[in-house]
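S.K.: Quick one: structure below, then a few questions.
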There are 2 protein chains.
Amino acid sequence: MGSVAVIGVGMTRFGKFPDRSVEDLGREACWNAIQDAGINPREIQAAFCGHIYQGSVAGQRVLVELGLTGIPIYNIENACASSSSGMELGCLGILSGQWDVVLAFGAEKLYGKIQGAIAPDESDIEGDLGIVAPGFWAMRARRHMHQYGTTSEMLARVSVQNRRNACVNPYAQFRKPVTVEEVLASRLIADPLHLLDCCPIGDGAAAAILVSERVVRKYTARPIWVAGIIVSSGTVDSGTSDSTFEDLTDRAAKQAYQRAGIGPQDVDVAELHNCFTIAEIVRSESLGLVPRGEGGRWVAEGKTAIGGEIPINPSGGLIAKGHPVGATGIAQVAEIVWQLRGEAGERQVEGARVGLTHNRGGIVGGTEGAACCVTVLKR
Amino acid sequence: MGSVAVIGVGMTRFGKFPDRSVEDLGREACWNAIQDAGINPREIQAAFCGHIYQGSVAGQRVLVELGLTGIPIYNIENACASSSSGMELGCLGILSGQWDVVLAFGAEKLYGKIQGAIAPDESDIEGDLGIVAPGFWAMRARRHMHQYGTTSEMLARVSVQNRRNACVNPYAQFRKPVTVEEVLASRLIADPLHLLDCCPIGDGAAAAILVSERVVRKYTARPIWVAGIIVSSGTVDSGTSDSTFEDLTDRAAKQAYQRAGIGPQDVDVAELHNCFTIAEIVRSESLGLVPRGEGGRWVAEGKTAIGGEIPINPSGGLIAKGHPVGATGIAQVAEIVWQLRGEAGERQVEGARVGLTHNRGGIVGGTEGAACCVTVLKR
């Protein structure tokens, strides 16, 4: 799939914005992407809006404020993988020949709608029994510790590293460093996970402009290519398989690598769905970026830091950049585009040519359903 | 777009099902479509679920009950045009070469979630001021009466005709005939619209199996072709333009006719979004099926009845078949597929070769945003 390119990205800062509407946040991100691409908004032929909690026709509500009506607009929900799923559909629409220029964005406002952990869906029996996200990930952490000798300190180092990266990311929700001691001293949420092992809720938006190979040279001499983008789904891997590994992530990643004609060893920088510190470890392994069982040690040894063997979440990830759920997938794409262009400032991964995003969501407790999107981007 | 075919459709009866979950309803419709297509569920490569109110990853929750995991699943929200928007995206995915067999469905459970008219979104200022769906359509009815001499009796005849059609539709919510007198004597909702001028809320699901031209002959010798399918969006036309006509419907229809290489005069049967009796009149005109201003008279003269010049809503439409919002678009497709195959029983439009669906939704009050999907199907 070498024939779709990203020519512009943009986002809002992630954070707590009680005075801003989702329309306002979405508009800012879309406008930033439009300006970054240097296109006239009228050239956009279709738009995909990823969100979970913003009500009916949220995409239309955002875009009418930019004067964008009359084009096909789709609202895509796939839990935390909503905007990346929309981006994939935008790519397919371009590849079908239907459109040449597509806007894909995600916008979410969680503050004021949600308190603490996201509540289980009424049909989610395991969620009702207490297996909400922190409890679920706590069990995976315990298993990883048991199986591979991962420690609470290693988990804390994931948080420390993401916070450090976020300190130099102007879009990040938390731009204050934390220490291992502070993470371990923070409130226990679900043993062994402390408050600073968990991502926050947040408000924010992110957007990308996608174009066909046919028209890309009209807009830029240095496109970022979507070398592979795969959406898959499955049940959450709890209990039946080894909970230290994610089958769904593995499956989506293998397909994306194949599509892109690369292997995990070719990835120079990755943004992955680290909703909890343990999630970064499990997913870095499931994506094949880090040897199985070594995720905790690699973080402790600095191998996933900027400048390390495989820099992971240079943006600060969900833990520190923030996680306005529907916006997260395209915010990851924005970070990778900036990295591949060499525009990531103090958090730049030098010489990055191939980047990966991993965005994953779904009902937590077990058998209900989940979605995952893995994207390989190349300059 | 002659290269996507519908090889199977299925639905649940629409109605009030307090004891059934949306997963249960969705599964029944999908299974019916799978059986109708005569395929093995494992051949399905991607799925699109249209809904508004069913919570996160509803499509995954439905499909896990059919054992369908591991494929890409997308939840599409476009108000009342949700499942038709998903169907269009499924077609684009097939045309891109990504998939050969796609399941598109809609599932919605409104009873227990919604009472009376659907409440306005919190950002919908006009809705907050009282311009909810019945009020909005009442104003359009008044304007149509003023401009074209349409009468309350003509509106009532739309209801009478849809009820009559629904009496022979086993999937319909209301299978009891009504008279003009009964419609006019029913409770006034928003003058001049009475209760029986309005569609009900409901529970239900509908599904379709889409395949590429490449593989269609493997499954059937008599596919129904998607000759044109267009999603568009826009603001609801209230005030600035002639409210007796829908620009967005007109625009989507013209694109769909062009794609299919036909004109409105070539349509043999149509299912259109008649959420109110006046909506059937306005939309039959906006689609070009009935001369402008003549919609009321054509109904009164039986020209849109089964056996008339252009049979409209032989299924009973939203008014009598019911309107579980996310399911409506694909339920329209199911009806047209049955009509084109000659399988519509007592409500069969004889010799129908070209059918049209029109599915439309959005925030009612005015400037916020709407979605519309028009599909041309051919045998």
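By convention here, the chains of the structure tokens are called A, B, ... in the order presented, each chain's residues are numbered starting at 1, and ligands are numbered starting at 1 in the order presented.
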Identify every residue of chain A that has at least one atom within 8 Å of any atom of chain B, counting only C-alpha atoms, and report the result as number ranges by chain.
M.R.: A: 52, 55-57, 60-61, 64, 69-79, 85, 89, 92-98, 121, 231-235, 248, 362-363, 367-371
S.K.: Could the residues in this selection be written to a file with N, CA and C atoms, as a short mmCIF file (atom, residue, chain, number, x, y, z; two decimals), in the first residue's frame?
M.R.:
```
data_model
loop_
_atom_site.label_atom_id
_atom_site.label_comp_id
_atom_site.auth_asym_id
_atom_site.auth_seq_id
_atom_site.Cartn_x
_atom_site.Cartn_y
_atom_site.Cartn_z
N ILE A 52 -15.59 8.52 20.56
CA ILE A 52 -16.47 7.57 21.24
C ILE A 52 -17.67 8.28 21.86
N GLY A 55 -21.38 12.16 20.77
CA GLY A 55 -22.75 12.30 20.28
C GLY A 55 -22.85 12.18 18.78
N SER A 56 -24.07 12.30 18.29
CA SER A 56 -24.36 12.02 16.88
C SER A 56 -23.77 13.08 15.95
N VAL A 57 -23.34 12.63 14.78
CA VAL A 57 -22.73 13.45 13.72
C VAL A 57 -21.71 14.46 14.26
N GLN A 60 -19.55 16.03 11.50
CA GLN A 60 -20.23 17.11 10.78
C GLN A 60 -20.24 18.40 11.61
N ARG A 61 -20.45 18.25 12.92
CA ARG A 61 -20.50 19.42 13.80
C ARG A 61 -19.15 20.13 13.85
N VAL A 64 -18.48 21.73 10.07
CA VAL A 64 -19.31 22.86 9.62
C VAL A 64 -18.67 24.17 10.09
N THR A 69 -18.90 21.42 4.36
CA THR A 69 -20.13 20.64 4.24
C THR A 69 -20.22 20.17 2.80
N GLY A 70 -21.13 19.26 2.56
CA GLY A 70 -21.35 18.83 1.17
C GLY A 70 -20.47 17.67 0.75
N ILE A 71 -19.49 17.32 1.56
CA ILE A 71 -18.66 16.16 1.26
C ILE A 71 -19.13 14.99 2.11
N PRO A 72 -18.77 13.76 1.73
CA PRO A 72 -19.07 12.65 2.64
C PRO A 72 -18.27 12.77 3.93
N ILE A 73 -18.96 12.63 5.05
CA ILE A 73 -18.32 12.68 6.37
C ILE A 73 -18.80 11.44 7.12
N TYR A 74 -17.89 10.74 7.75
CA TYR A 74 -18.20 9.50 8.45
C TYR A 74 -17.69 9.61 9.88
N ASN A 75 -18.48 9.15 10.82
CA ASN A 75 -18.06 9.06 12.21
C ASN A 75 -17.75 7.61 12.52
N ILE A 76 -16.52 7.37 12.97
CA ILE A 76 -16.03 6.01 13.17
C ILE A 76 -15.79 5.78 14.65
N GLU A 77 -16.35 4.69 15.16
CA GLU A 77 -16.12 4.34 16.57
C GLU A 77 -15.48 2.96 16.62
N ASN A 78 -14.32 2.90 17.23
CA ASN A 78 -13.67 1.61 17.49
C ASN A 78 -12.93 1.72 18.81
N ALA A 79 -13.64 2.23 19.81
CA ALA A 79 -13.06 2.44 21.13
C ALA A 79 -11.80 3.29 20.97
N SER A 85 -8.81 3.80 12.91
CA SER A 85 -9.71 3.03 12.04
C SER A 85 -10.26 3.93 10.93
N LEU A 89 -9.82 3.59 6.79
CA LEU A 89 -10.92 3.65 5.83
C LEU A 89 -10.69 4.77 4.82
N LEU A 92 -8.40 3.37 2.29
CA LEU A 92 -9.10 2.45 1.37
C LEU A 92 -9.93 3.22 0.36
N GLY A 93 -10.58 4.29 0.80
CA GLY A 93 -11.36 5.11 -0.12
C GLY A 93 -10.49 5.71 -1.21
N ILE A 94 -9.29 6.14 -0.83
CA ILE A 94 -8.35 6.68 -1.82
C ILE A 94 -7.91 5.57 -2.77
N LEU A 95 -7.58 4.42 -2.22
CA LEU A 95 -7.12 3.31 -3.07
C LEU A 95 -8.21 2.80 -4.01
N SER A 96 -9.47 3.00 -3.62
CA SER A 96 -10.58 2.57 -4.48
C SER A 96 -10.75 3.50 -5.68
N GLY A 97 -10.09 4.67 -5.61
CA GLY A 97 -10.25 5.65 -6.67
C GLY A 97 -11.36 6.66 -6.42
N GLN A 98 -12.04 6.51 -5.30
CA GLN A 98 -13.16 7.40 -5.00
C GLN A 98 -12.71 8.83 -4.71
N ASP A 121 -19.30 -0.98 29.90
CA ASP A 121 -20.57 -1.00 29.19
C ASP A 121 -21.54 -1.89 29.95
N VAL A 231 -6.28 -2.69 10.19
CA VAL A 231 -7.20 -2.75 11.32
C VAL A 231 -7.59 -4.21 11.51
N SER A 232 -7.57 -4.66 12.74
CA SER A 232 -8.07 -5.99 13.01
C SER A 232 -8.91 -5.94 14.29
N SER A 233 -9.59 -7.00 14.55
CA SER A 233 -10.34 -7.03 15.80
C SER A 233 -10.23 -8.41 16.39
N GLY A 234 -10.72 -8.53 17.59
CA GLY A 234 -10.64 -9.81 18.27
C GLY A 234 -11.17 -9.64 19.66
N THR A 235 -11.14 -10.71 20.38
CA THR A 235 -11.51 -10.61 21.78
C THR A 235 -10.27 -10.22 22.56
N LEU A 248 -3.89 -10.10 19.29
CA LEU A 248 -4.47 -9.17 18.33
C LEU A 248 -3.42 -8.18 17.84
N GLY A 362 -10.98 -1.31 23.15
CA GLY A 362 -12.05 -2.30 23.24
C GLY A 362 -12.49 -2.50 24.66
N ILE A 363 -13.51 -3.28 24.78
CA ILE A 363 -14.03 -3.59 26.10
C ILE A 363 -12.99 -4.43 26.82
N THR A 367 -14.27 -11.14 26.82
CA THR A 367 -14.71 -11.84 25.61
C THR A 367 -15.48 -10.95 24.65
N GLU A 368 -15.58 -9.69 24.90
CA GLU A 368 -16.55 -8.90 24.17
C GLU A 368 -16.09 -8.39 22.82
N GLY A 369 -14.88 -7.87 22.74
CA GLY A 369 -14.47 -7.35 21.45
C GLY A 369 -13.49 -6.22 21.58
N ALA A 370 -12.58 -6.17 20.65
CA ALA A 370 -11.55 -5.14 20.68
C ALA A 370 -11.16 -4.82 19.25
N ALA A 371 -10.51 -3.68 19.08
CA ALA A 371 -10.04 -3.26 17.77
C ALA A 371 -8.59 -2.84 17.90
#
```
S.K.: Report the residues of segment 121-202 of chain A whose backbone DSSP state falls under strand (DSSP E or B), written as a VMD selection string.
M.R.: chain A and resid 188 to 190 193 to 194 198
S.K.: Would you export the selected residues with N, CA, C and O atoms as a PDB file, in the first residue's frame, please?
M.R.:
```
ATOM      1  N   LEU A 188      -1.952   3.874  45.129  1.00  0.00           N
ATOM      2  CA  LEU A 188      -2.121   2.554  44.512  1.00  0.00           C
ATOM      3  C   LEU A 188      -3.523   2.494  43.888  1.00  0.00           C
ATOM      4  O   LEU A 188      -4.523   2.757  44.558  1.00  0.00           O
ATOM      5  N   ILE A 189      -3.572   2.156  42.602  1.00  0.00           N
ATOM      6  CA  ILE A 189      -4.868   2.083  41.908  1.00  0.00           C
ATOM      7  C   ILE A 189      -5.342   0.641  41.852  1.00  0.00           C
ATOM      8  O   ILE A 189      -6.481   0.314  42.201  1.00  0.00           O
ATOM      9  N   ALA A 190      -4.478  -0.254  41.365  1.00  0.00           N
ATOM     10  CA  ALA A 190      -4.782  -1.694  41.332  1.00  0.00           C
ATOM     11  C   ALA A 190      -3.410  -2.359  41.410  1.00  0.00           C
ATOM     12  O   ALA A 190      -2.647  -2.310  40.446  1.00  0.00           O
ATOM     13  N   LEU A 193      -0.193  -1.489  40.135  1.00  0.00           N
ATOM     14  CA  LEU A 193      -0.203  -0.228  39.384  1.00  0.00           C
ATOM     15  C   LEU A 193      -0.556   0.958  40.282  1.00  0.00           C
ATOM     16  O   LEU A 193      -1.592   0.943  40.954  1.00  0.00           O
ATOM     17  N   HIS A 194       0.303   1.964  40.241  1.00  0.00           N
ATOM     18  CA  HIS A 194       0.070   3.213  40.962  1.00  0.00           C
ATOM     19  C   HIS A 194      -0.566   4.241  40.020  1.00  0.00           C
ATOM     20  O   HIS A 194      -0.614   4.029  38.808  1.00  0.00           O
ATOM     21  N   CYS A 198      -0.711   4.938  35.235  1.00  0.00           N
ATOM     22  CA  CYS A 198      -1.940   4.985  34.423  1.00  0.00           C
ATOM     23  C   CYS A 198      -1.960   6.259  33.585  1.00  0.00           C
ATOM     24  O   CYS A 198      -1.535   7.321  34.040  1.00  0.00           O
TER      25      CYS A 198
END
```
S.K.: Name the residues in contact with segment 336-343 of chain B at a cut-off of 7 Å, using only C-alpha atoms, excluding same-chain residues fewer than 6 positions from it; report them as a list in words.
M.R.: Ile224, Val349, Ala352, Arg353, Gly355 and Arg379 of chain B
S.K.: Emit the selected residues as an mmCIF file, in the first residue's frame, including N, CA, C and O atoms.
M.R.:
```cif
data_model
loop_
_atom_site.group_PDB
_atom_site.id
_atom_site.type_symbol
_atom_site.label_atom_id
_atom_site.label_comp_id
_atom_site.auth_asym_id
_atom_site.auth_seq_id
_atom_site.Cartn_x
_atom_site.Cartn_y
_atom_site.Cartn_z
ATOM 1 N N ILE B 224 -27.500 -8.939 -7.094
ATOM 2 C CA ILE B 224 -28.056 -7.591 -7.230
ATOM 3 C C ILE B 224 -26.873 -6.632 -7.182
ATOM 4 O O ILE B 224 -26.101 -6.642 -6.218
ATOM 5 N N VAL B 349 -43.438 -5.451 -6.321
ATOM 6 C CA VAL B 349 -43.596 -4.539 -7.459
ATOM 7 C C VAL B 349 -43.218 -5.344 -8.695
ATOM 8 O O VAL B 349 -42.054 -5.714 -8.871
ATOM 9 N N ALA B 352 -39.784 -5.301 -11.299
ATOM 10 C CA ALA B 352 -38.813 -4.274 -10.894
ATOM 11 C C ALA B 352 -37.390 -4.703 -11.265
ATOM 12 O O ALA B 352 -36.961 -5.805 -10.933
ATOM 13 N N ARG B 353 -36.707 -3.819 -11.944
ATOM 14 C CA ARG B 353 -35.321 -4.102 -12.353
ATOM 15 C C ARG B 353 -34.325 -3.133 -11.717
ATOM 16 O O ARG B 353 -33.158 -3.464 -11.551
ATOM 17 N N GLY B 355 -33.862 -0.411 -8.479
ATOM 18 C CA GLY B 355 -34.408 0.087 -7.216
ATOM 19 C C GLY B 355 -33.508 1.139 -6.595
ATOM 20 O O GLY B 355 -32.302 1.196 -6.884
ATOM 21 N N ARG B 379 -30.768 -5.391 -10.874
ATOM 22 C CA ARG B 379 -30.621 -6.839 -10.984
ATOM 23 C C ARG B 379 -29.930 -7.170 -12.298
ATOM 24 O O ARG B 379 -29.787 -6.298 -13.162
#
```
S.K.: Name the residues in contact with Val282 of chain B at a cut-off of 10 Å, using only C-alpha atoms, excluding same-chain residues fewer than 4 positions from it; report them as an MDAnalysis selection string.
M.R.: chainID B and resid 137 140:141 144 243:246 249 274 276:278 286:287 290 292:296
S.K.: Go ahead and save the residues from that selection, with N, CA, C and O atoms, as a PDB file, in the first residue's frame.
M.R.:
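The resulting file, again_9.pdb, is shown below:
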```pdb
ATOM      1  N   TRP B 137     -40.485  19.264  10.896  1.00  0.00           N
ATOM      2  CA  TRP B 137     -41.246  18.727   9.766  1.00  0.00           C
ATOM      3  C   TRP B 137     -42.644  19.338   9.669  1.00  0.00           C
ATOM      4  O   TRP B 137     -43.211  19.452   8.572  1.00  0.00           O
ATOM      5  N   ARG B 140     -42.203  22.350   7.606  1.00  0.00           N
ATOM      6  CA  ARG B 140     -42.059  22.006   6.182  1.00  0.00           C
ATOM      7  C   ARG B 140     -43.419  21.628   5.581  1.00  0.00           C
ATOM      8  O   ARG B 140     -43.702  21.939   4.419  1.00  0.00           O
ATOM      9  N   ALA B 141     -44.227  20.934   6.379  1.00  0.00           N
ATOM     10  CA  ALA B 141     -45.565  20.564   5.893  1.00  0.00           C
ATOM     11  C   ALA B 141     -46.386  21.817   5.615  1.00  0.00           C
ATOM     12  O   ALA B 141     -47.027  21.943   4.562  1.00  0.00           O
ATOM     13  N   HIS B 144     -45.240  23.380   2.457  1.00  0.00           N
ATOM     14  CA  HIS B 144     -45.649  22.609   1.269  1.00  0.00           C
ATOM     15  C   HIS B 144     -47.134  22.833   0.992  1.00  0.00           C
ATOM     16  O   HIS B 144     -47.560  22.970  -0.175  1.00  0.00           O
ATOM     17  N   SER B 243     -37.779  25.202   1.935  1.00  0.00           N
ATOM     18  CA  SER B 243     -37.835  24.053   2.837  1.00  0.00           C
ATOM     19  C   SER B 243     -38.699  22.915   2.303  1.00  0.00           C
ATOM     20  O   SER B 243     -38.773  21.864   2.918  1.00  0.00           O
ATOM     21  N   THR B 244     -39.350  23.116   1.170  1.00  0.00           N
ATOM     22  CA  THR B 244     -40.104  22.007   0.579  1.00  0.00           C
ATOM     23  C   THR B 244     -39.212  21.105  -0.260  1.00  0.00           C
ATOM     24  O   THR B 244     -39.687  20.155  -0.879  1.00  0.00           O
ATOM     25  N   PHE B 245     -37.928  21.439  -0.321  1.00  0.00           N
ATOM     26  CA  PHE B 245     -37.002  20.690  -1.160  1.00  0.00           C
ATOM     27  C   PHE B 245     -35.733  20.442  -0.362  1.00  0.00           C
ATOM     28  O   PHE B 245     -35.340  21.278   0.450  1.00  0.00           O
ATOM     29  N   GLU B 246     -35.104  19.278  -0.570  1.00  0.00           N
ATOM     30  CA  GLU B 246     -33.876  18.986   0.165  1.00  0.00           C
ATOM     31  C   GLU B 246     -32.673  18.995  -0.760  1.00  0.00           C
ATOM     32  O   GLU B 246     -32.461  18.068  -1.542  1.00  0.00           O
ATOM     33  N   THR B 249     -30.423  15.810  -0.326  1.00  0.00           N
ATOM     34  CA  THR B 249     -30.989  14.629  -0.987  1.00  0.00           C
ATOM     35  C   THR B 249     -30.826  14.741  -2.502  1.00  0.00           C
ATOM     36  O   THR B 249     -30.409  13.791  -3.180  1.00  0.00           O
ATOM     37  N   ASN B 274     -38.923   8.125   5.068  1.00  0.00           N
ATOM     38  CA  ASN B 274     -40.174   8.805   5.414  1.00  0.00           C
ATOM     39  C   ASN B 274     -40.416   8.799   6.929  1.00  0.00           C
ATOM     40  O   ASN B 274     -41.350   8.193   7.425  1.00  0.00           O
ATOM     41  N   PHE B 276     -41.569  11.099   8.584  1.00  0.00           N
ATOM     42  CA  PHE B 276     -42.888  11.711   8.742  1.00  0.00           C
ATOM     43  C   PHE B 276     -43.576  11.626   7.375  1.00  0.00           C
ATOM     44  O   PHE B 276     -42.901  11.509   6.352  1.00  0.00           O
ATOM     45  N   THR B 277     -44.895  11.718   7.377  1.00  0.00           N
ATOM     46  CA  THR B 277     -45.596  11.644   6.091  1.00  0.00           C
ATOM     47  C   THR B 277     -45.108  12.734   5.139  1.00  0.00           C
ATOM     48  O   THR B 277     -44.875  12.467   3.953  1.00  0.00           O
ATOM     49  N   ILE B 278     -44.917  13.943   5.675  1.00  0.00           N
ATOM     50  CA  ILE B 278     -44.455  15.034   4.809  1.00  0.00           C
ATOM     51  C   ILE B 278     -43.056  14.745   4.262  1.00  0.00           C
ATOM     52  O   ILE B 278     -42.715  15.154   3.147  1.00  0.00           O
ATOM     53  N   SER B 286     -37.615  15.556  -4.083  1.00  0.00           N
ATOM     54  CA  SER B 286     -36.187  15.904  -4.111  1.00  0.00           C
ATOM     55  C   SER B 286     -35.368  14.854  -4.842  1.00  0.00           C
ATOM     56  O   SER B 286     -34.311  15.148  -5.403  1.00  0.00           O
ATOM     57  N   LEU B 287     -35.843  13.609  -4.833  1.00  0.00           N
ATOM     58  CA  LEU B 287     -35.159  12.536  -5.558  1.00  0.00           C
ATOM     59  C   LEU B 287     -35.488  12.547  -7.049  1.00  0.00           C
ATOM     60  O   LEU B 287     -34.932  11.764  -7.821  1.00  0.00           O
ATOM     61  N   VAL B 290     -40.972  12.192  -8.380  1.00  0.00           N
ATOM     62  CA  VAL B 290     -42.312  12.773  -8.486  1.00  0.00           C
ATOM     63  C   VAL B 290     -42.101  14.244  -8.847  1.00  0.00           C
ATOM     64  O   VAL B 290     -41.159  14.861  -8.350  1.00  0.00           O
ATOM     65  N   ARG B 292     -42.050  18.189  -8.862  1.00  0.00           N
ATOM     66  CA  ARG B 292     -41.989  19.115  -7.738  1.00  0.00           C
ATOM     67  C   ARG B 292     -43.373  19.681  -7.421  1.00  0.00           C
ATOM     68  O   ARG B 292     -44.083  20.149  -8.306  1.00  0.00           O
ATOM     69  N   GLY B 293     -43.734  19.572  -6.166  1.00  0.00           N
ATOM     70  CA  GLY B 293     -45.015  20.099  -5.711  1.00  0.00           C
ATOM     71  C   GLY B 293     -46.158  19.115  -5.842  1.00  0.00           C
ATOM     72  O   GLY B 293     -47.239  19.331  -5.301  1.00  0.00           O
ATOM     73  N   GLU B 294     -45.917  18.019  -6.554  1.00  0.00           N
ATOM     74  CA  GLU B 294     -46.990  17.054  -6.845  1.00  0.00           C
ATOM     75  C   GLU B 294     -47.038  15.883  -5.868  1.00  0.00           C
ATOM     76  O   GLU B 294     -47.875  14.985  -6.015  1.00  0.00           O
ATOM     77  N   GLY B 295     -46.105  15.846  -4.901  1.00  0.00           N
ATOM     78  CA  GLY B 295     -45.985  14.675  -4.037  1.00  0.00           C
ATOM     79  C   GLY B 295     -47.280  14.289  -3.344  1.00  0.00           C
ATOM     80  O   GLY B 295     -47.655  13.109  -3.304  1.00  0.00           O
ATOM     81  N   GLY B 296     -47.971  15.267  -2.794  1.00  0.00           N
ATOM     82  CA  GLY B 296     -49.219  14.977  -2.090  1.00  0.00           C
ATOM     83  C   GLY B 296     -50.273  14.426  -3.032  1.00  0.00           C
ATOM     84  O   GLY B 296     -50.945  13.433  -2.737  1.00  0.00           O
TER      85      GLY B 296
END
```
S.K.: So, counting only C-alpha atoms, which residue among B:Arg164, B:His358, B:Lys109, B:His323 is closest to Ile229 of chain B?
M.R.: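 Closest residue, counting only C-alpha atoms: B:His358.
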S.K.: Using only C-alpha atoms, which residues sit within 10 Å of Thr151 of chain A once same-chain residues fewer than 2 positions away are excluded, as a list in words?
M.R.: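 My list of contacting residues is Ala141, Arg142, His144, Met145, His146, Tyr148, Gly149, Glu153, Met154, Leu155, Ala156, Arg157, Pro192, Gly296, Arg297 and Ala300 of chain A.
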S.K.: Would you export the selected residues with N, CA and C atoms as a JSON list (two decimals), in the first residue's frame, please?
M.R.:
```json
[["chain", "number", "residue", "atom", "x", "y", "z"],
["A", 141, "ALA", "N", 0.26, -7.26, 34.67],
["A", 141, "ALA", "CA", 1.55, -6.86, 35.25],
["A", 141, "ALA", "C", 2.05, -7.95, 36.18],
["A", 142, "ARG", "N", 1.18, -8.45, 37.03],
["A", 142, "ARG", "CA", 1.57, -9.53, 37.96],
["A", 142, "ARG", "C", 2.08, -10.74, 37.20],
["A", 144, "HIS", "N", 3.40, -10.77, 34.18],
["A", 144, "HIS", "CA", 4.69, -10.45, 33.55],
["A", 144, "HIS", "C", 5.81, -10.49, 34.60],
["A", 145, "MET", "N", 5.51, -10.01, 35.78],
["A", 145, "MET", "CA", 6.50, -10.05, 36.87],
["A", 145, "MET", "C", 6.85, -11.50, 37.21],
["A", 146, "HIS", "N", 5.81, -12.32, 37.33],
["A", 146, "HIS", "CA", 6.00, -13.73, 37.69],
["A", 146, "HIS", "C", 6.79, -14.46, 36.62],
["A", 148, "TYR", "N", 8.61, -13.19, 33.95],
["A", 148, "TYR", "CA", 9.86, -12.65, 33.39],
["A", 148, "TYR", "C", 10.70, -11.86, 34.39],
["A", 149, "GLY", "N", 10.25, -11.76, 35.63],
["A", 149, "GLY", "CA", 11.05, -11.03, 36.61],
["A", 149, "GLY", "C", 10.95, -9.52, 36.49],
["A", 153, "GLU", "N", 9.72, -1.30, 39.84],
["A", 153, "GLU", "CA", 10.65, -0.24, 39.45],
["A", 153, "GLU", "C", 10.73, -0.12, 37.92],
["A", 154, "MET", "N", 10.74, -1.26, 37.26],
["A", 154, "MET", "CA", 10.77, -1.22, 35.78],
["A", 154, "MET", "C", 9.50, -0.55, 35.24],
["A", 155, "LEU", "N", 8.36, -0.92, 35.82],
["A", 155, "LEU", "CA", 7.12, -0.26, 35.40],
["A", 155, "LEU", "C", 7.24, 1.24, 35.62],
["A", 156, "ALA", "N", 7.74, 1.62, 36.78],
["A", 156, "ALA", "CA", 7.85, 3.04, 37.09],
["A", 156, "ALA", "C", 8.75, 3.74, 36.07],
["A", 157, "ARG", "N", 9.76, 3.04, 35.61],
["A", 157, "ARG", "CA", 10.67, 3.67, 34.64],
["A", 157, "ARG", "C", 9.98, 3.98, 33.31],
["A", 192, "PRO", "N", -0.17, -4.16, 41.05],
["A", 192, "PRO", "CA", 0.94, -3.26, 41.42],
["A", 192, "PRO", "C", 0.91, -1.88, 40.73],
["A", 296, "GLY", "N", 10.54, -4.91, 30.27],
["A", 296, "GLY", "CA", 10.87, -4.16, 31.48],
["A", 296, "GLY", "C", 12.35, -3.83, 31.54],
["A", 297, "ARG", "N", 13.17, -4.83, 31.25],
["A", 297, "ARG", "CA", 14.62, -4.59, 31.31],
["A", 297, "ARG", "C", 15.07, -3.59, 30.25],
["A", 300, "ALA", "N", 14.44, -0.21, 31.55],
["A", 300, "ALA", "CA", 15.37, 0.11, 32.63],
["A", 300, "ALA", "C", 16.77, 0.41, 32.09]]
```
